[in-house]
Amino acid sequence: MRRIAVIGAGQAGLVLAIGLRRHGYDVTVVAERPPDEVRSGRLISNQCVFHPALARERELGINLWDRDVTPIGEIEFKAVDPAGGGTPAISWRAEFDHAAQSVDQRVKVSDWMAHFAGLGGEIRIHRVTPDDLDAYAAEFDLVVVAAGRGPQFDALFPREPEFSPYTEAQRDIGIIYVRTSHPVIDGLTFNLSPYGENFAMPVLSVQGPVLGVGFFGVPGGPMDVWHDIADPGQHLEIARGLTRRFFPWHTEILDNAEPVGPLETLHGRITPIVRHPVGTLPSGRRVLAMGDTAVTNDPVGGQGANMAAHAARSYEEAVLANEDREFDEKFMHDAFARYWSVAQHATRFNNDLLAPPPEHVLATLDTAQRVPEVAHRFAHLFENPVNYTGWLTDPEASMRYLAEAGARASHGEHGGL
Ligand SMILES: Cc1cc2nc3c(=O)[nH]c(=O)nc-3n(C[C@H](O)[C@H](O)[C@H](O)COP(=O)(O)OP(=O)(O)OC[C@H]3O[C@@H](n4cnc5c(N)ncnc54)[C@H](O)[C@@H]3O)c2cc1C
């Protein structure tokens, strides 16, 4: 039987491991921490997961929280008026065709590790270093490194400059989970300002239902405030101040909120990077990068967990298609190419969101207020970023589309998307 090791028990690695185990592969997951430590640890993500990734989890029988999680049924978008005045310059909402969800990754990872073990999968607890990989590559037919973002495997999977336009982080990120007596938000709120973004959404966390609130500050600007903040009370006070100053229509939500607990905040900066996906070890053996280890996006566009799920599907399909052949370098490039055929669009969409919106994107966001078709199409970029390329990547085509969609709206037609 083919023996496969997955280094890293996260959204990417566990979904792949469970999928392969269901096909009878002998799969070992090498996890940094046991499930109870993950569950009782600091929050990991804000993890808004959209329909395609959820559909995959349901196919695998591992979406275990459908009955408990608050569905994220819509997106509410507002853009700050640069002239001030306290009301948004742009404001629209659009329903998702299929609801998204945010289930705390601490819940998902710990439950999925138990599920994987229940399927007969092996779990080893080991923080793997690059030097350890040769021993794994000697023991297993295929080693997939799904150990998340960060520099630990930099030398093995070098940066691809062609696809990595940024060399530094573009946002200073602060997330907090709160309980609020304000009526529950049942959608994703996305507030845009020249200084950064603010998101809020219902989350099913290790502490039960909470509101996940994130601020993404442009470095050097007035929302670049999260360094040295350790205390959740202090975090909440700063979040209230930012909301009053930039997004006053949301003041009530945080004024009626309280922090959920000492580990329910997360601060930091993430440099977006695309890496060469195939690493060569000192022995000459090869290992394959996956998820954030291969492609790390800033969380601003909510693509990382979604693309991690897509990577799991792509790599599983590649393993099955490889039948009894060796998992050689060609296999690894082919597996990554299946994933990248979609992920490249997510990466482009996400990287473009980090730059000030150009005229045609502002025109699109503005038109979305009056033309529901445009709002619907923009909202669905988050679940299907493939639609971004050729639309908002092309200023002329996107302005033409706005004119056509506007004409359809004024004639009472529904644009088929
Ligand atoms: C603040 C924030 C908000 C986010 N919001 C969203 C969102 O709304 N939507 C979205 O799609 N994505 C979001 N993301 C991104 C998303 O969380 C990640 O892209 C996704 O979790 C990547 O999955 P992964 O499995 O590749 O990596 P991870 O989830 O990071 O999993 C990697 C695993 O490997 C383990 N590990 C690390 N090093 C080693 C080692 N040396 N040996 C063994 N194990 C190791 C880690 O403990 C971890 O369990 C957000 C991220 C952050 C930080």
# chains A, B, ... in the order shown; residues from 1 in each chain; ligands from 1
>>> closest_atom_pairs(of="region 42-157 of chain A", to="region 289-313 of chain A", cutoff="10 Å", atoms="only C-alpha atoms", output="tab-separated table")
residue	atom	partner	partner_atom	distance
A:Ser45	CA	A:Pro299	CA	8.7
A:Asn46	CA	A:Pro299	CA	8.5
A:Gln47	CA	A:Ala305	CA	6.3
A:Cys48	CA	A:Gly302	CA	6.3
A:Val49	CA	A:Asn306	CA	5.8
A:Phe50	CA	A:Asn306	CA	6.8
A:His51	CA	A:Asn306	CA	9.1
A:Pro52	CA	A:Asn306	CA	8.0
A:Ala53	CA	A:Ala309	CA	5.6
A:Leu54	CA	A:Ala309	CA	8.6
A:Arg56	CA	A:Ala309	CA	7.7
A:Glu57	CA	A:Ala309	CA	8.3
A:Gln105	CA	A:Ala305	CA	9.5
A:Val143	CA	A:Ala289	CA	8.8
A:Val144	CA	A:Ala289	CA	5.8
A:Val145	CA	A:Ala289	CA	4.7
A:Ala146	CA	A:Met290	CA	4.8
A:Ala147	CA	A:Thr293	CA	6.0
A:Gly148	CA	A:Asp292	CA	4.7
A:Arg149	CA	A:Asp292	CA	4.9
A:Gly150	CA	A:Thr293	CA	7.5
A:Pro151	CA	A:Thr293	CA	9.0
A:Gln152	CA	A:Thr293	CA	9.2
A:Phe153	CA	A:Thr293	CA	7.8
A:Asp154	CA	A:Thr293	CA	9.1
A:Leu156	CA	A:Ala289	CA	9.3
A:Phe157	CA	A:Ala289	CA	7.4
>>> residues_around(residues="Ile229 (chain A)", least_positions_apart="5", cutoff="10 Å", atoms="only C-alpha atoms", output="PyMOL selection string")
chain A and resi 174+234-235+238+265-267
>>> write_last_selection(atoms="C-alpha atoms", output="PDB file, in the first residue's frame")
ATOM      1  CA  GLY A 174      -5.745  42.450  14.761  1.00  0.00           C
ATOM      2  CA  GLN A 234      -7.077  46.797  25.539  1.00  0.00           C
ATOM      3  CA  HIS A 235      -7.612  45.262  22.088  1.00  0.00           C
ATOM      4  CA  ILE A 238      -8.648  50.123  20.447  1.00  0.00           C
ATOM      5  CA  THR A 265      -7.082  37.677  20.044  1.00  0.00           C
ATOM      6  CA  LEU A 266      -4.515  37.432  17.272  1.00  0.00           C
ATOM      7  CA  HIS A 267      -2.068  40.053  16.024  1.00  0.00           C
TER       8      HIS A 267
END
>>> select_by_dssp(residues="region 115-351 of chain A", states="alpha helix (DSSP H)", output="PyMOL selection string")
chain A and resi 115-118+133-139+232-246+251-255+304-321+329-351
>>> closest_residue(among="A:Met399, A:Ile72, A:Leu60, A:Ala343", to="Pro358 (chain A)", atoms="only C-alpha atoms")
A:Met399
>>> select_by_dssp(residues="region 215-366 of chain A", states="strand (DSSP E)", output="PyMOL selection string")
chain A and resi 215-217+257-259+265-268+273-274+278-280+286-289+295-296
>>> closest_residue(among="A:Glu74, A:Glu168, A:Asp36, A:Asp352", to="Val107 (chain A)", atoms="only C-alpha atoms")
A:Asp36
>>> closest_residue(among="A:Phe382, A:Trp391, A:Trp226, A:Phe246", to="ligand 1", atoms="only C-alpha atoms and all ligand atoms")
A:Phe382
>>> atom_distance(atom1="atom 14 (N, counted along the ligand's line) of ligand 1", atom2="CA of Phe199 (chain A)")
12.4 Å
>>> atom_distance(atom1="CA of Glu359 (chain A)", atom2="CA of Asp394 (chain A)")
11.5 Å
>>> residues_around(residues="Glu404 (chain A)", least_positions_apart="3", cutoff="12 Å", atoms="only C-alpha atoms", output="list in words")
Thr367, Val371, Glu373, Val374, Ala397, Ser398, Met399, Arg400, Tyr401, Ala407, Arg408, Ala409, Ser410, His411, Glu413, His414 and Gly415 of chain A
>>> residues_around(residues="Leu192 (chain A)", least_positions_apart="5", cutoff="10 Å", atoms="only C-alpha atoms", output="ChimeraX atom specification")
/A:77-81,88,90,197-199,216,246-247
>>> write_last_selection(atoms="N, CA and C atoms", output="mmCIF file, in the first residue's frame")
data_model
loop_
_atom_site.group_PDB
_atom_site.id
_atom_site.type_symbol
_atom_site.label_atom_id
_atom_site.label_comp_id
_atom_site.auth_asym_id
_atom_site.auth_seq_id
_atom_site.Cartn_x
_atom_site.Cartn_y
_atom_site.Cartn_z
ATOM 1 N N PHE A 77 -21.318 45.331 2.311
ATOM 2 C CA PHE A 77 -20.108 46.098 1.981
ATOM 3 C C PHE A 77 -20.367 47.591 2.199
ATOM 4 N N LYS A 78 -19.420 48.249 2.846
ATOM 5 C CA LYS A 78 -19.506 49.708 2.993
ATOM 6 C C LYS A 78 -18.107 50.293 2.803
ATOM 7 N N ALA A 79 -18.049 51.423 2.086
ATOM 8 C CA ALA A 79 -16.770 52.119 1.912
ATOM 9 C C ALA A 79 -16.877 53.498 2.537
ATOM 10 N N VAL A 80 -15.848 53.827 3.283
ATOM 11 C CA VAL A 80 -15.781 55.116 3.976
ATOM 12 C C VAL A 80 -15.800 56.256 2.956
ATOM 13 N N ASP A 81 -16.489 57.320 3.316
ATOM 14 C CA ASP A 81 -16.467 58.525 2.483
ATOM 15 C C ASP A 81 -15.190 59.308 2.820
ATOM 16 N N PRO A 88 -21.339 56.015 5.076
ATOM 17 C CA PRO A 88 -20.493 55.449 4.022
ATOM 18 C C PRO A 88 -20.768 56.087 2.661
ATOM 19 N N ILE A 90 -20.215 54.387 -0.097
ATOM 20 C CA ILE A 90 -20.776 53.261 -0.871
ATOM 21 C C ILE A 90 -21.347 52.268 0.140
ATOM 22 N N GLU A 197 -9.020 47.780 6.288
ATOM 23 C CA GLU A 197 -10.337 47.170 6.248
ATOM 24 C C GLU A 197 -10.775 46.714 7.633
ATOM 25 N N ASN A 198 -12.079 46.528 7.749
ATOM 26 C CA ASN A 198 -12.660 45.965 8.969
ATOM 27 C C ASN A 198 -13.668 44.897 8.536
ATOM 28 N N PHE A 199 -13.566 43.730 9.181
ATOM 29 C CA PHE A 199 -14.497 42.630 8.880
ATOM 30 C C PHE A 199 -15.136 42.158 10.178
ATOM 31 N N PHE A 216 -7.625 45.389 9.577
ATOM 32 C CA PHE A 216 -6.446 45.195 8.738
ATOM 33 C C PHE A 216 -5.920 46.582 8.390
ATOM 34 N N PHE A 246 -13.524 55.491 12.108
ATOM 35 C CA PHE A 246 -13.577 55.197 10.666
ATOM 36 C C PHE A 246 -14.884 54.549 10.209
ATOM 37 N N PHE A 247 -15.501 53.751 11.075
ATOM 38 C CA PHE A 247 -16.692 52.995 10.646
ATOM 39 C C PHE A 247 -17.822 53.223 11.650
#
>>> closest_residue(among="A:Ile185, A:Ala137, A:Leu381, A:Val103", to="Phe327 (chain A)", atoms="only C-alpha atoms")
A:Ala137
